[in-house]
Amino acid sequence: MEVEYQGVFRRTLAYIVDSIVLFSLFGTAHFLIFGTWVRHPPDMKGLLTTHPVCLLYLGLYLGYFTVLEGTMGFTIGKRVLGIMVQKENGEPCGMREALIRNLLRAVDGIASYLVGVLLIATSRKKQRFGDIVAKTVVVKGDWENKPNIWRSLMCHMKNWKS
């Protein structure tokens, strides 16, 4: 069976869907915490410091991609676009690989993701830097052998409780 590596277009659309999901959650949480959609620092000192809530959002952002890709092989955006992450050898993406590829988004994201886009566009397996280091690829999803995302989430949540 031929592996269909996924390029910039589908991956970008999946990232946009994931961003909408995350920013909706973050925006709602921010409104509930601060009672406003936008919060401006009171002075320059506040502008140069990182608010703990921002660090929390960064952790949730990293956790969203890492946990979903590491346990199911896809995020909500990837599932909507019909793509998934797996190891180069075809095995499911594990938590270690997911963490590595997502920590390295910092490198891929240089110059508005220009580094990641160029690597995906020019590499044989359409890998960004995080994929190359983690030895992962993004491929067309094999949904016949993958459970429904909601069923998967419920299964994982049930397992965490026991």
# chains A, B, ... in the order shown; residues from 1 in each chain; ligands from 1
call {"tool": "select_by_dssp", "arguments": {"residues": "region 7-141 of chain A", "states": "strand (DSSP E)", "output": "PyMOL selection string"}}
result
chain A and resi 83-87+136-140
call {"tool": "write_last_selection", "arguments": {"atoms": "all heavy atoms", "output": "PDB file, in the first residue's frame"}}
result
ATOM      1  N   ILE A  83      -6.323  13.620   7.680  1.00  0.00           N
ATOM      2  CA  ILE A  83      -4.895  13.302   7.749  1.00  0.00           C
ATOM      3  C   ILE A  83      -4.526  12.897   9.176  1.00  0.00           C
ATOM      4  O   ILE A  83      -5.280  13.146  10.115  1.00  0.00           O
ATOM      5  CB  ILE A  83      -4.013  14.479   7.268  1.00  0.00           C
ATOM      6  CG1 ILE A  83      -4.215  15.724   8.139  1.00  0.00           C
ATOM      7  CG2 ILE A  83      -4.311  14.778   5.808  1.00  0.00           C
ATOM      8  CD1 ILE A  83      -3.357  16.919   7.738  1.00  0.00           C
ATOM      9  N   MET A  84      -3.376  12.257   9.323  1.00  0.00           N
ATOM     10  CA  MET A  84      -2.937  11.827  10.648  1.00  0.00           C
ATOM     11  C   MET A  84      -1.413  11.764  10.718  1.00  0.00           C
ATOM     12  O   MET A  84      -0.730  11.761   9.696  1.00  0.00           O
ATOM     13  CB  MET A  84      -3.538  10.469  10.988  1.00  0.00           C
ATOM     14  CG  MET A  84      -3.156   9.361  10.032  1.00  0.00           C
ATOM     15  SD  MET A  84      -4.025   7.821  10.325  1.00  0.00           S
ATOM     16  CE  MET A  84      -3.195   7.253  11.779  1.00  0.00           C
ATOM     17  N   VAL A  85      -0.905  11.703  11.952  1.00  0.00           N
ATOM     18  CA  VAL A  85       0.532  11.608  12.197  1.00  0.00           C
ATOM     19  C   VAL A  85       0.855  10.172  12.569  1.00  0.00           C
ATOM     20  O   VAL A  85       0.128   9.542  13.336  1.00  0.00           O
ATOM     21  CB  VAL A  85       0.963  12.531  13.359  1.00  0.00           C
ATOM     22  CG1 VAL A  85       2.462  12.437  13.589  1.00  0.00           C
ATOM     23  CG2 VAL A  85       0.558  13.963  13.090  1.00  0.00           C
ATOM     24  N   GLN A  86       1.940   9.664  12.020  1.00  0.00           N
ATOM     25  CA  GLN A  86       2.424   8.337  12.404  1.00  0.00           C
ATOM     26  C   GLN A  86       3.941   8.331  12.332  1.00  0.00           C
ATOM     27  O   GLN A  86       4.552   9.261  11.796  1.00  0.00           O
ATOM     28  CB  GLN A  86       1.838   7.250  11.495  1.00  0.00           C
ATOM     29  CG  GLN A  86       2.292   7.349  10.050  1.00  0.00           C
ATOM     30  CD  GLN A  86       1.629   6.306   9.158  1.00  0.00           C
ATOM     31  OE1 GLN A  86       0.504   5.900   9.397  1.00  0.00           O
ATOM     32  NE2 GLN A  86       2.338   5.881   8.132  1.00  0.00           N
ATOM     33  N   LYS A  87       4.545   7.297  12.873  1.00  0.00           N
ATOM     34  CA  LYS A  87       5.989   7.154  12.769  1.00  0.00           C
ATOM     35  C   LYS A  87       6.343   6.830  11.323  1.00  0.00           C
ATOM     36  O   LYS A  87       5.506   6.336  10.563  1.00  0.00           O
ATOM     37  CB  LYS A  87       6.491   6.032  13.687  1.00  0.00           C
ATOM     38  CG  LYS A  87       6.337   6.335  15.164  1.00  0.00           C
ATOM     39  CD  LYS A  87       6.866   5.172  15.985  1.00  0.00           C
ATOM     40  CE  LYS A  87       6.595   5.369  17.465  1.00  0.00           C
ATOM     41  NZ  LYS A  87       7.015   4.195  18.253  1.00  0.00           N
ATOM     42  N   THR A 136       8.620  11.251  12.302  1.00  0.00           N
ATOM     43  CA  THR A 136       7.193  11.102  12.044  1.00  0.00           C
ATOM     44  C   THR A 136       6.852  11.656  10.669  1.00  0.00           C
ATOM     45  O   THR A 136       7.633  12.417  10.090  1.00  0.00           O
ATOM     46  CB  THR A 136       6.347  11.860  13.100  1.00  0.00           C
ATOM     47  OG1 THR A 136       6.730  13.246  13.100  1.00  0.00           O
ATOM     48  CG2 THR A 136       6.517  11.261  14.475  1.00  0.00           C
ATOM     49  N   VAL A 137       5.708  11.258  10.163  1.00  0.00           N
ATOM     50  CA  VAL A 137       5.197  11.759   8.890  1.00  0.00           C
ATOM     51  C   VAL A 137       3.700  12.037   9.052  1.00  0.00           C
ATOM     52  O   VAL A 137       3.038  11.451   9.897  1.00  0.00           O
ATOM     53  CB  VAL A 137       5.420  10.764   7.726  1.00  0.00           C
ATOM     54  CG1 VAL A 137       6.888  10.666   7.359  1.00  0.00           C
ATOM     55  CG2 VAL A 137       4.854   9.392   8.056  1.00  0.00           C
ATOM     56  N   VAL A 138       3.195  12.936   8.221  1.00  0.00           N
ATOM     57  CA  VAL A 138       1.757  13.205   8.177  1.00  0.00           C
ATOM     58  C   VAL A 138       1.255  12.569   6.888  1.00  0.00           C
ATOM     59  O   VAL A 138       1.773  12.839   5.805  1.00  0.00           O
ATOM     60  CB  VAL A 138       1.462  14.718   8.225  1.00  0.00           C
ATOM     61  CG1 VAL A 138      -0.041  14.973   8.107  1.00  0.00           C
ATOM     62  CG2 VAL A 138       2.004  15.325   9.511  1.00  0.00           C
ATOM     63  N   VAL A 139       0.263  11.687   7.048  1.00  0.00           N
ATOM     64  CA  VAL A 139      -0.230  10.896   5.919  1.00  0.00           C
ATOM     65  C   VAL A 139      -1.748  10.992   5.818  1.00  0.00           C
ATOM     66  O   VAL A 139      -2.416  11.449   6.755  1.00  0.00           O
ATOM     67  CB  VAL A 139       0.179   9.408   6.057  1.00  0.00           C
ATOM     68  CG1 VAL A 139       1.692   9.257   6.043  1.00  0.00           C
ATOM     69  CG2 VAL A 139      -0.414   8.796   7.321  1.00  0.00           C
ATOM     70  N   LYS A 140      -2.280  10.526   4.692  1.00  0.00           N
ATOM     71  CA  LYS A 140      -3.732  10.431   4.553  1.00  0.00           C
ATOM     72  C   LYS A 140      -4.221   9.445   5.612  1.00  0.00           C
ATOM     73  O   LYS A 140      -3.626   8.387   5.816  1.00  0.00           O
ATOM     74  CB  LYS A 140      -4.090   9.938   3.153  1.00  0.00           C
ATOM     75  CG  LYS A 140      -5.570   9.872   2.914  1.00  0.00           C
ATOM     76  CD  LYS A 140      -5.870   9.478   1.480  1.00  0.00           C
ATOM     77  CE  LYS A 140      -7.378   9.419   1.301  1.00  0.00           C
ATOM     78  NZ  LYS A 140      -7.718   8.934  -0.031  1.00  0.00           N
TER      79      LYS A 140
END
call {"tool": "atom_distance", "arguments": {"atom1": "CA of Ala111 (chain A)", "atom2": "CA of Phe23 (chain A)"}}
result
21.1 Å
call {"tool": "closest_residue", "arguments": {"among": "A:Asp131, A:Asp18, A:Glu97, A:Asp108", "to": "Ile76 (chain A)", "atoms": "only C-alpha atoms"}}
result
A:Asp18
call {"tool": "residues_around", "arguments": {"residues": "Arg105 (chain A)", "least_positions_apart": "5", "cutoff": "12 Å", "atoms": "only C-alpha atoms", "output": "mmCIF file with N, CA, C and O atoms, in the first residue's frame"}}
result
data_model
loop_
_atom_site.group_PDB
_atom_site.id
_atom_site.type_symbol
_atom_site.label_atom_id
_atom_site.label_comp_id
_atom_site.auth_asym_id
_atom_site.auth_seq_id
_atom_site.Cartn_x
_atom_site.Cartn_y
_atom_site.Cartn_z
ATOM 1 N N TYR A 15 -4.283 22.981 10.566
ATOM 2 C CA TYR A 15 -3.771 23.879 11.602
ATOM 3 C C TYR A 15 -4.736 25.053 11.835
ATOM 4 O O TYR A 15 -4.936 25.478 12.971
ATOM 5 N N TYR A 61 -1.845 24.707 24.711
ATOM 6 C CA TYR A 61 -1.599 24.633 23.262
ATOM 7 C C TYR A 61 -0.706 23.435 22.958
ATOM 8 O O TYR A 61 -1.020 22.593 22.112
ATOM 9 N N LEU A 62 0.406 23.344 23.665
ATOM 10 C CA LEU A 62 1.337 22.231 23.468
ATOM 11 C C LEU A 62 0.672 20.915 23.839
ATOM 12 O O LEU A 62 0.803 19.916 23.131
ATOM 13 N N PHE A 65 -1.949 19.484 21.059
ATOM 14 C CA PHE A 65 -1.330 18.780 19.934
ATOM 15 C C PHE A 65 -0.634 17.498 20.386
ATOM 16 O O PHE A 65 -0.756 16.456 19.739
ATOM 17 N N THR A 66 0.089 17.574 21.485
ATOM 18 C CA THR A 66 0.867 16.419 21.939
ATOM 19 C C THR A 66 -0.023 15.260 22.373
ATOM 20 O O THR A 66 0.184 14.125 21.940
ATOM 21 N N ALA A 98 5.224 12.721 19.554
ATOM 22 C CA ALA A 98 4.324 13.876 19.487
ATOM 23 C C ALA A 98 4.905 15.067 20.245
ATOM 24 O O ALA A 98 4.836 16.205 19.780
ATOM 25 N N LEU A 99 5.488 14.809 21.407
ATOM 26 C CA LEU A 99 6.089 15.894 22.192
ATOM 27 C C LEU A 99 7.264 16.522 21.443
ATOM 28 O O LEU A 99 7.353 17.747 21.331
ATOM 29 N N ILE A 100 8.124 15.699 20.881
ATOM 30 C CA ILE A 100 9.285 16.205 20.137
ATOM 31 C C ILE A 100 8.833 17.059 18.956
ATOM 32 O O ILE A 100 9.279 18.191 18.776
ATOM 33 N N ILE A 110 9.585 29.677 12.622
ATOM 34 C CA ILE A 110 10.412 30.852 12.339
ATOM 35 C C ILE A 110 9.937 31.504 11.037
ATOM 36 O O ILE A 110 9.657 30.813 10.055
ATOM 37 N N ALA A 111 9.845 32.828 11.059
ATOM 38 C CA ALA A 111 9.413 33.632 9.901
ATOM 39 C C ALA A 111 8.014 33.202 9.436
ATOM 40 O O ALA A 111 7.796 32.901 8.257
ATOM 41 N N SER A 112 7.073 33.148 10.376
ATOM 42 C CA SER A 112 5.683 32.787 10.070
ATOM 43 C C SER A 112 5.568 31.414 9.396
ATOM 44 O O SER A 112 4.872 31.244 8.401
ATOM 45 N N TYR A 113 6.262 30.455 9.952
ATOM 46 C CA TYR A 113 6.272 29.060 9.484
ATOM 47 C C TYR A 113 6.959 28.874 8.131
ATOM 48 O O TYR A 113 6.793 27.838 7.482
ATOM 49 N N LEU A 114 7.764 29.824 7.727
ATOM 50 C CA LEU A 114 8.487 29.691 6.457
ATOM 51 C C LEU A 114 9.432 28.485 6.493
ATOM 52 O O LEU A 114 9.525 27.736 5.514
ATOM 53 N N VAL A 115 10.116 28.277 7.617
ATOM 54 C CA VAL A 115 11.035 27.132 7.739
ATOM 55 C C VAL A 115 10.261 25.825 7.543
ATOM 56 O O VAL A 115 10.651 24.967 6.746
ATOM 57 N N GLY A 116 9.150 25.678 8.256
ATOM 58 C CA GLY A 116 8.349 24.461 8.137
ATOM 59 C C GLY A 116 7.801 24.256 6.737
ATOM 60 O O GLY A 116 7.859 23.154 6.179
ATOM 61 N N VAL A 117 7.291 25.323 6.137
ATOM 62 C CA VAL A 117 6.718 25.246 4.787
ATOM 63 C C VAL A 117 7.783 24.836 3.772
ATOM 64 O O VAL A 117 7.545 23.958 2.928
ATOM 65 N N ARG A 128 8.319 18.489 8.150
ATOM 66 C CA ARG A 128 8.882 19.708 8.701
ATOM 67 C C ARG A 128 9.996 19.275 9.661
ATOM 68 O O ARG A 128 10.212 18.080 9.877
ATOM 69 N N PHE A 129 10.719 20.254 10.226
ATOM 70 C CA PHE A 129 11.865 19.937 11.088
ATOM 71 C C PHE A 129 11.450 19.037 12.258
ATOM 72 O O PHE A 129 12.127 18.059 12.572
ATOM 73 N N GLY A 130 10.327 19.352 12.900
ATOM 74 C CA GLY A 130 9.853 18.537 14.018
ATOM 75 C C GLY A 130 9.598 17.096 13.623
ATOM 76 O O GLY A 130 9.880 16.167 14.384
ATOM 77 N N ASP A 131 9.080 16.878 12.415
ATOM 78 C CA ASP A 131 8.845 15.517 11.917
ATOM 79 C C ASP A 131 10.163 14.786 11.665
ATOM 80 O O ASP A 131 10.284 13.604 11.979
ATOM 81 N N ILE A 132 11.117 15.495 11.093
ATOM 82 C CA ILE A 132 12.406 14.871 10.779
ATOM 83 C C ILE A 132 13.073 14.390 12.062
ATOM 84 O O ILE A 132 13.528 13.247 12.148
ATOM 85 N N VAL A 133 13.116 15.236 13.077
ATOM 86 C CA VAL A 133 13.763 14.876 14.347
ATOM 87 C C VAL A 133 12.987 13.773 15.062
ATOM 88 O O VAL A 133 13.574 12.827 15.596
ATOM 89 N N ALA A 134 11.643 13.865 15.072
ATOM 90 C CA ALA A 134 10.814 12.878 15.770
ATOM 91 C C ALA A 134 10.620 11.593 14.956
ATOM 92 O O ALA A 134 10.075 10.617 15.464
#
call {"tool": "closest_residue", "arguments": {"among": "A:Val8, A:Phe31, A:Leu58, A:Val3", "to": "Gln127 (chain A)", "atoms": "only C-alpha atoms"}}
result
A:Val8
call {"tool": "residues_around", "arguments": {"residues": "Ala29 (chain A)", "least_positions_apart": "4", "cutoff": "12 Å", "atoms": "only C-alpha atoms", "output": "PyMOL selection string"}}
result
chain A and resi 22-25+33-38+53-54+56-57+60
call {"tool": "closest_residue", "arguments": {"among": "A:Asn102, A:Ile20, A:Thr71, A:Ile120", "to": "Gly59 (chain A)", "atoms": "only C-alpha atoms"}}
result
A:Asn102
call {"tool": "select_by_dssp", "arguments": {"residues": "region 78-126 of chain A", "states": "alpha helix (DSSP H)", "output": "count of residues only"}}
result
30
call {"tool": "residues_around", "arguments": {"residues": "Gly82 (chain A)", "least_positions_apart": "5", "cutoff": "12 Å", "atoms": "only C-alpha atoms", "output": "PyMOL selection string"}}
result
chain A and resi 4-6+10-11+13-14+73-77+138-144+146+149
call {"tool": "closest_residue", "arguments": {"among": "A:Arg96, A:Phe9, A:Leu119, A:Lys126", "to": "Lys78 (chain A)", "atoms": "only C-alpha atoms"}}
result
A:Phe9
call {"tool": "closest_residue", "arguments": {"among": "A:Lys135, A:Leu118, A:Phe26, A:Val107", "to": "Leu55 (chain A)", "atoms": "only C-alpha atoms"}}
result
A:Phe26
call {"tool": "atom_distance", "arguments": {"atom1": "CA of Glu91 (chain A)", "atom2": "CA of Glu2 (chain A)"}}
result
14.8 Å
call {"tool": "atom_distance", "arguments": {"atom1": "CA of Gly27 (chain A)", "atom2": "CA of Gly94 (chain A)"}}
result
29.5 Å
call {"tool": "closest_residue", "arguments": {"among": "A:Tyr64, A:Glu69, A:Gly109, A:Val21", "to": "Pro92 (chain A)", "atoms": "only C-alpha atoms"}}
result
A:Glu69
